[in-house]
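Student: The structure file query10.txt (compact mmCIF, C-alpha atoms) is provided below.
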# COMPACT_ATOMS: atom_id res chain seq x y z
CA MET A 904 17.52 -4.63 5.53
CA ASN A 905 17.41 -1.09 6.84
CA ILE A 906 13.86 0.10 6.11
CA GLY A 907 12.18 3.46 6.64
CA ILE A 908 8.39 3.70 6.81
CA ILE A 909 6.75 7.09 6.37
CA GLY A 910 3.24 6.98 7.80
CA VAL A 911 1.91 4.95 10.73
CA GLY A 912 -1.77 4.73 9.84
CA HIS A 913 -3.66 1.48 9.33
CA ILE A 914 -1.20 -0.04 6.84
CA GLY A 915 2.01 1.66 8.03
CA LYS A 916 1.52 0.40 11.58
CA THR A 917 1.14 -3.22 10.47
CA LEU A 918 4.12 -2.91 8.13
CA ALA A 919 6.23 -1.71 11.04
CA LEU A 920 5.13 -4.60 13.24
CA LYS A 921 5.48 -7.34 10.63
CA LEU A 922 8.75 -6.23 9.05
CA SER A 923 10.52 -5.59 12.34
CA ALA A 924 9.33 -9.01 13.56
CA ALA A 925 10.85 -10.46 10.38
CA GLY A 926 14.26 -9.17 11.48
CA HIS A 927 14.59 -5.91 9.57
CA GLU A 928 15.85 -2.66 11.09
CA ILE A 929 12.73 -0.49 10.94
CA HIS A 930 12.52 3.28 11.42
CA VAL A 931 9.02 4.78 11.37
CA ALA A 932 8.00 8.41 11.06
CA ASN A 933 4.92 10.58 10.71
CA SER A 934 4.29 14.26 10.06
CA ARG A 935 3.77 15.08 13.76
CA GLY A 936 7.06 13.85 15.19
CA PRO A 937 8.41 10.66 16.79
CA GLU A 938 7.01 11.50 20.21
CA THR A 939 3.46 11.07 18.82
CA ILE A 940 4.02 7.50 17.59
CA GLY A 941 2.35 5.05 19.96
CA THR A 942 4.15 2.19 21.66
CA GLU A 943 1.86 -0.31 19.91
CA VAL A 944 3.56 0.58 16.60
CA LEU A 945 6.97 -0.17 18.14
CA ALA A 946 6.02 -3.41 19.89
CA THR A 947 8.20 -5.68 17.74
CA GLY A 948 11.28 -3.48 17.62
CA ALA A 949 10.66 -0.58 15.23
CA LYS A 950 12.13 2.78 16.25
CA ALA A 951 10.27 6.11 16.08
CA VAL A 952 12.27 8.79 14.26
CA THR A 953 11.83 11.99 12.28
CA VAL A 954 10.91 11.83 8.59
CA GLN A 955 14.42 12.97 7.71
CA GLN A 956 15.90 10.10 9.73
CA ALA A 957 13.46 7.61 8.21
CA ILE A 958 14.89 8.16 4.73
CA LEU A 959 18.57 8.46 5.66
CA GLU A 960 20.81 5.64 4.35
CA LYS A 961 17.96 3.19 3.86
CA ASP A 962 17.82 0.10 1.63
CA VAL A 963 14.04 0.52 1.32
CA ILE A 964 11.64 3.41 1.94
CA ILE A 965 7.94 2.61 2.20
CA ILE A 966 5.53 5.50 1.75
CA SER A 967 2.21 4.83 3.49
CA ILE A 968 0.51 8.22 3.61
CA PRO A 969 -2.56 9.70 1.88
CA LEU A 970 -1.91 10.41 -1.78
CA ASN A 971 -2.49 14.15 -1.36
CA ARG A 972 0.50 14.39 1.00
CA ILE A 973 3.00 12.94 -1.47
CA PRO A 974 4.08 16.32 -2.95
CA ALA A 975 5.10 17.58 0.50
CA ILE A 976 7.64 14.81 1.02
CA ALA A 977 9.05 14.92 -2.52
CA PRO A 978 11.86 17.38 -1.64
CA LEU A 979 13.03 15.11 1.18
CA LEU A 980 13.57 12.21 -1.22
CA ALA A 981 15.53 14.27 -3.74
CA GLY A 982 18.86 13.16 -2.31
CA VAL A 983 17.98 9.51 -1.81
CA SER A 984 20.21 7.08 -3.71
CA ASP A 985 18.88 5.58 -6.94
CA GLU A 986 19.73 2.19 -5.45
CA THR A 987 17.15 2.66 -2.68
CA VAL A 988 13.87 0.85 -3.33
CA VAL A 989 10.87 3.13 -2.78
CA ILE A 990 7.49 1.44 -2.35
CA ASP A 991 4.14 3.25 -2.60
CA THR A 992 1.10 1.83 -0.76
CA SER A 993 -1.34 4.67 -1.48
CA ASN A 994 -4.74 4.79 -3.18
CA TYR A 995 -6.78 7.65 -4.62
CA TYR A 996 -10.11 8.61 -3.02
CA PRO A 997 -11.86 11.74 -4.35
CA ALA A 998 -13.30 12.90 -1.01
CA ARG A 999 -9.79 13.09 0.43
CA ASP A 1000 -7.64 13.73 -2.64
CA ASN A 1001 -9.97 15.98 -4.67
CA LYS A 1002 -7.21 18.40 -5.62
CA ILE A 1003 -5.42 15.74 -7.66
CA GLU A 1004 -7.49 16.24 -10.78
CA SER A 1005 -5.20 14.37 -13.19
CA ILE A 1006 -5.78 11.05 -11.40
CA GLU A 1007 -9.55 11.38 -11.53
CA ALA A 1008 -9.11 12.06 -15.24
CA GLY A 1009 -7.51 8.66 -15.65
CA GLN A 1010 -3.84 8.84 -14.66
CA VAL A 1011 -2.41 5.77 -12.96
CA GLU A 1012 -1.94 6.48 -9.24
CA SER A 1013 1.62 5.27 -8.83
CA LEU A 1014 2.77 6.87 -12.07
CA TRP A 1015 1.60 10.14 -10.54
CA VAL A 1016 3.54 9.34 -7.36
CA GLN A 1017 6.62 8.54 -9.43
CA GLU A 1018 6.31 11.88 -11.23
CA GLN A 1019 5.97 13.76 -7.93
CA LEU A 1020 9.01 12.07 -6.43
CA GLY A 1021 11.10 12.18 -9.60
CA ARG A 1022 12.31 8.61 -9.13
CA PRO A 1023 11.18 5.00 -9.73
CA VAL A 1024 8.71 3.47 -7.28
CA ALA A 1025 7.08 0.08 -6.80
CA LYS A 1026 3.42 -0.46 -5.87
CA ALA A 1027 2.42 -2.89 -3.11
CA TRP A 1028 0.11 -3.49 -0.14
CA ASN A 1029 -2.50 -1.15 -1.61
CA THR A 1030 -4.96 -3.98 -2.34
CA ILE A 1031 -5.31 -5.37 1.17
CA GLY A 1032 -7.73 -3.99 3.74
CA SER A 1033 -6.14 -2.99 7.04
CA ASP A 1034 -7.99 -5.64 9.07
CA SER A 1035 -7.06 -8.39 6.61
CA PHE A 1036 -3.46 -7.17 6.57
CA ALA A 1037 -3.21 -7.23 10.36
CA LYS A 1038 -4.89 -10.63 10.83
CA LYS A 1039 -4.62 -12.81 7.73
CA GLY A 1040 -0.88 -13.23 7.27
CA LYS A 1041 0.16 -16.90 7.04
CA PRO A 1042 3.49 -18.76 6.96
CA ALA A 1043 4.95 -19.54 3.55
CA GLY A 1044 3.48 -22.72 2.13
CA SER A 1045 0.05 -22.27 3.74
CA SER A 1046 -2.69 -23.37 1.32
CA ASP A 1047 -5.01 -20.50 2.27
CA ARG A 1048 -2.48 -17.66 2.00
CA VAL A 1049 -3.90 -14.41 0.57
CA ALA A 1050 -2.04 -13.00 -2.44
CA ILE A 1051 -0.98 -9.37 -2.93
CA PRO A 1052 -0.09 -7.96 -6.37
CA ILE A 1053 2.97 -5.80 -6.83
CA ALA A 1054 3.92 -3.60 -9.79
CA ALA A 1055 7.36 -2.25 -10.67
CA ASP A 1056 9.50 -1.30 -13.65
CA ARG A 1057 13.00 -1.97 -12.29
CA GLU A 1058 14.04 -5.55 -11.53
CA ILE A 1059 15.59 -4.58 -8.18
CA ASP A 1060 12.35 -2.88 -7.11
CA ARG A 1061 10.31 -5.93 -8.17
CA LYS A 1062 12.58 -8.45 -6.43
CA VAL A 1063 12.86 -6.58 -3.13
CA THR A 1064 9.16 -5.69 -2.97
CA MET A 1065 8.05 -9.27 -3.62
CA THR A 1066 10.41 -10.52 -0.91
CA LEU A 1067 9.01 -8.05 1.64
CA VAL A 1068 5.40 -8.89 0.75
CA GLU A 1069 6.20 -12.56 1.41
CA GLU A 1070 7.77 -11.64 4.74
CA THR A 1071 4.58 -9.87 5.84
CA GLY A 1072 2.71 -13.18 5.49
CA PHE A 1073 1.22 -13.00 2.00
CA GLU A 1074 1.87 -14.47 -1.45
CA ALA A 1075 3.51 -11.94 -3.77
CA PHE A 1076 2.20 -11.80 -7.34
CA ASP A 1077 4.10 -9.97 -10.08
CA ALA A 1078 1.36 -7.87 -11.70
CA GLY A 1079 3.69 -6.25 -14.25
CA SER A 1080 4.70 -2.69 -14.93
CA LEU A 1081 3.73 0.45 -13.07
CA MET A 1082 1.79 1.57 -16.14
CA ASP A 1083 -0.50 -1.42 -15.65
CA SER A 1084 -0.90 -0.94 -11.89
CA TRP A 1085 -4.34 0.60 -12.45
CA ARG A 1086 -5.44 -3.05 -12.44
CA GLN A 1087 -4.86 -3.11 -8.68
CA GLN A 1088 -6.44 0.27 -7.87
CA PRO A 1089 -9.72 0.70 -5.94
CA GLY A 1090 -12.68 -0.68 -7.87
CA ALA A 1091 -10.70 -3.45 -9.57
CA PRO A 1092 -11.43 -7.17 -8.98
CA ALA A 1093 -8.08 -7.61 -7.20
CA TYR A 1094 -8.75 -4.80 -4.74
CA CYS A 1095 -9.59 -5.85 -1.16
CA THR A 1096 -11.06 -9.19 -2.28
CA ASP A 1097 -8.46 -11.35 -0.46
CA LEU A 1098 -7.86 -13.79 -3.31
CA ALA A 1099 -5.49 -16.74 -3.32
CA LEU A 1100 -2.50 -16.83 -5.66
CA ASN A 1101 -4.28 -19.09 -8.16
CA GLU A 1102 -7.25 -16.68 -8.29
CA LEU A 1103 -5.37 -13.40 -8.59
CA PRO A 1104 -4.14 -13.54 -12.24
CA ALA A 1105 -7.70 -13.82 -13.57
CA ALA A 1106 -8.81 -10.92 -11.36
CA ILE A 1107 -5.95 -8.74 -12.59
CA ALA A 1108 -6.79 -9.58 -16.22
CA ALA A 1109 -10.51 -8.90 -15.73
CA ALA A 1110 -10.08 -5.27 -14.58
CA ASP A 1111 -12.11 -2.77 -16.61
CA ARG A 1112 -10.49 0.64 -16.27
CA ALA A 1113 -13.57 2.64 -17.23
CA ARG A 1114 -15.64 1.05 -14.45
CA LEU A 1115 -13.18 1.47 -11.58
CA PRO A 1116 -14.23 4.96 -10.36
CA LYS A 1117 -17.94 4.15 -10.14
CA ARG A 1118 -17.34 0.85 -8.34
CA ARG A 1119 -14.90 2.52 -5.93
CA ASP A 1120 -17.37 5.29 -5.10
CA LEU A 1121 -20.18 2.77 -4.49
CA ALA A 1122 -17.99 0.96 -1.98
CA VAL A 1123 -17.02 4.19 -0.20
CA ALA A 1124 -20.70 5.20 0.07
CA ALA A 1125 -21.58 1.80 1.54
CA PHE A 1126 -18.74 1.96 4.08
CA GLN A 1127 -19.73 5.48 5.14
CA GLU A 1128 -23.38 4.47 5.55
CA ARG A 1129 -22.41 1.48 7.70
CA LEU A 1130 -19.59 3.04 9.72
CA GLY A 1131 -20.70 6.66 9.89
CA ASP A 1132 -17.54 8.34 8.63
CA ALA A 1133 -14.90 8.23 5.90
CA THR A 1134 -11.90 7.31 8.08
CA THR A 1135 -12.96 4.16 9.95
CA ASN A 1136 -12.01 1.02 8.07
CA PRO A 1137 -14.42 -1.93 7.87
CA ASP A 1138 -13.63 -5.28 9.41
CA ALA A 1139 -12.26 -7.92 7.05
CA ASP A 1140 -15.47 -9.94 6.82
CA TYR A 1141 -17.70 -7.04 5.74
CA GLY A 1142 -15.05 -5.31 3.64
CA VAL A 1143 -14.14 -8.41 1.64
CA ARG A 1144 -17.77 -9.47 1.11
CA LEU A 1145 -18.74 -6.04 -0.18
CA SER A 1146 -15.65 -5.74 -2.38
CA ARG A 1147 -16.30 -9.10 -3.98
CA VAL A 1148 -19.91 -8.19 -4.74
CA LEU A 1149 -19.04 -4.78 -6.24
CA TYR A 1150 -15.70 -5.45 -7.94
CA MET A 1151 -15.76 -9.02 -9.22
How does the structure come out when it is put into structure tokens?

Tutor:
Amino acid sequence: MNIGIIGVGHIGKTLALKLSAAGHEIHVANSRGPETIGTEVLATGAKAVTVQQAILEKDVIIISIPLNRIPAIAPLLAGVSDETVVIDTSNYYPARDNKIESIEAGQVESLWVQEQLGRPVAKAWNTIGSDSFAKKGKPAGSSDRVAIPIAADREIDRKVTMTLVEETGFEAFDAGSLMDSWRQQPGAPAYCTDLALNELPAAIAAADRARLPKRRDLAVAAFQERLGDATTNPDADYGVRLSRVLYM
């Protein structure tokens, strides 16, 4: 497939590496221009392009940027075909996204993204920590493969997104509609806990929406205390252990 990835941060970089290695034609872009994208992002064949080029005539567009930057790219996607699958990987964090008041008040993250873009989206890869995503992918059939939930309303979005999740080295779990994707947001038992496919359904079902913000903020405070800032991601061992204690 011809895939555009907007954003080459922790998750976007690994998506570019894994999906291009899987044989897809990958174009990656950021807000600063293709010349600023490091060679390590392109190591398996992805090409650095402008944002406009990253969305042109694509089968799939993956948006992997902070939630507060979504409105700025909305006009660029206005002319994208309805047949194109758009996948959102973002999560809401108050310290970074504090101007998005409706989400803090309880709106589902990806429903907000869908409203901003004016088109259907799928939700995926938001529940895996960057270190786990980079290192824990396994071949299909592996008994210890980590599962990733996806949410979508259109069948084409669901089918394509689940296929791509599998190709990045993880088990894809159909978590239902976008309306229910709050069950895979930060603070939920399925979030950054690296569960197997047989464990994930119970974690999705156990999510308590009212408790998500407090649990999320406790985890952020612990990461900041350990790492010293709000941008460095924890290693998989510490991140998963803390998430399991706080969220499950």

Student: Find the residues of region 1093-1130 of chain A that sit at most 9 Å from region 1003-1020 of chain A; for each, write down the nearest two atoms and how far apart they are in Å, to one decimal. Count all atoms listed in the file. Sort by chain, then by number going up, and give it as JSON lines.

Tutor:
{"residue": "A:Arg1112", "atom": "CA", "partner": "A:Gly1009", "partner_atom": "CA", "distance": 8.6}
{"residue": "A:Ala1113", "atom": "CA", "partner": "A:Gly1009", "partner_atom": "CA", "distance": 8.7}
{"residue": "A:Pro1116", "atom": "CA", "partner": "A:Glu1007", "partner_atom": "CA", "distance": 8.0}

Student: Can you tell me which residues surround Ala1043 (chain A) at a distance of at most 12 Å, considering only C-alpha atoms, apart from same-chain residues fewer than 4 positions away, and format the answer as a list in words?

Tutor: Asp1047, Arg1048, Val1049, Ala1050, Thr1066, Val1068, Glu1069, Glu1070, Thr1071, Gly1072, Phe1073, Glu1074 and Ala1075 of chain A

Student: Can you tell me, as an MDAnalysis selection string, what residues are no more than 12 Å from Lys1002 (chain A) when counting only C-alpha atoms, ignoring any on the same chain fewer than 5 positions away?

Tutor: chainID A and resid 970:972 974 995:997 1007:1008

Student: Separation of CA of Met1151 (chain A) and CA of Pro1092 (chain A), in Å?

Tutor: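 Separation of CA of Met1151 (chain A) and CA of Pro1092 (chain A): 4.7 Å.
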
Student: Determine the nearest neighbour of Gly907 (chain A) from the options A:Val1143, A:Val952, A:Ile964, A:Ala977, counting all atoms listed in the file.

Tutor: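 The closest residue to Gly907 (chain A) is A:Ile964.
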
Student: I'd like the interatomic distance between CA of Ala1099 (chain A) and CA of Lys1041 (chain A), to a tenth of an Å.

Tutor: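 Distance between the two atoms: 11.8 Å.
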
Student: Take the point (-0.6, -2.2, -10.5) as written in the file and pick out every residue within 9 Å of it, counting all atoms listed in the file; give the list as a short mmCIF file (atom, residue, chain, number, x, y, z; two decimals) with C-alpha atoms, in the frame of the given file.

Tutor:
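Writing the result to out38.cif gives the following:
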data_model
loop_
_atom_site.label_atom_id
_atom_site.label_comp_id
_atom_site.auth_asym_id
_atom_site.auth_seq_id
_atom_site.Cartn_x
_atom_site.Cartn_y
_atom_site.Cartn_z
CA VAL A 1011 -2.41 5.77 -12.96
CA GLU A 1012 -1.94 6.48 -9.24
CA SER A 1013 1.62 5.27 -8.83
CA ALA A 1025 7.08 0.08 -6.80
CA LYS A 1026 3.42 -0.46 -5.87
CA ALA A 1027 2.42 -2.89 -3.11
CA PRO A 1052 -0.09 -7.96 -6.37
CA ILE A 1053 2.97 -5.80 -6.83
CA ALA A 1054 3.92 -3.60 -9.79
CA ALA A 1055 7.36 -2.25 -10.67
CA ALA A 1078 1.36 -7.87 -11.70
CA GLY A 1079 3.69 -6.25 -14.25
CA SER A 1080 4.70 -2.69 -14.93
CA LEU A 1081 3.73 0.45 -13.07
CA MET A 1082 1.79 1.57 -16.14
CA ASP A 1083 -0.50 -1.42 -15.65
CA SER A 1084 -0.90 -0.94 -11.89
CA TRP A 1085 -4.34 0.60 -12.45
CA ARG A 1086 -5.44 -3.05 -12.44
CA GLN A 1087 -4.86 -3.11 -8.68
CA GLN A 1088 -6.44 0.27 -7.87
CA ILE A 1107 -5.95 -8.74 -12.59
#

Student: Rank A:Ala951, A:Ala957, A:Ile1051, A:Leu1149 by their smallest atom-to-atom distance to Ile909 (chain A), using all atoms listed in the file, and report the top residue only.

Tutor: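 With all atoms listed in the file as the atom set, the closest residue is A:Ala957.
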
Student: So which residues touch Ser1033 (chain A) within 7 Å, counting all atoms listed in the file, skipping near sequence neighbours fewer than 4 positions away, as a list in words?

Tutor: His913, Ile914 and Ala1037 of chain A
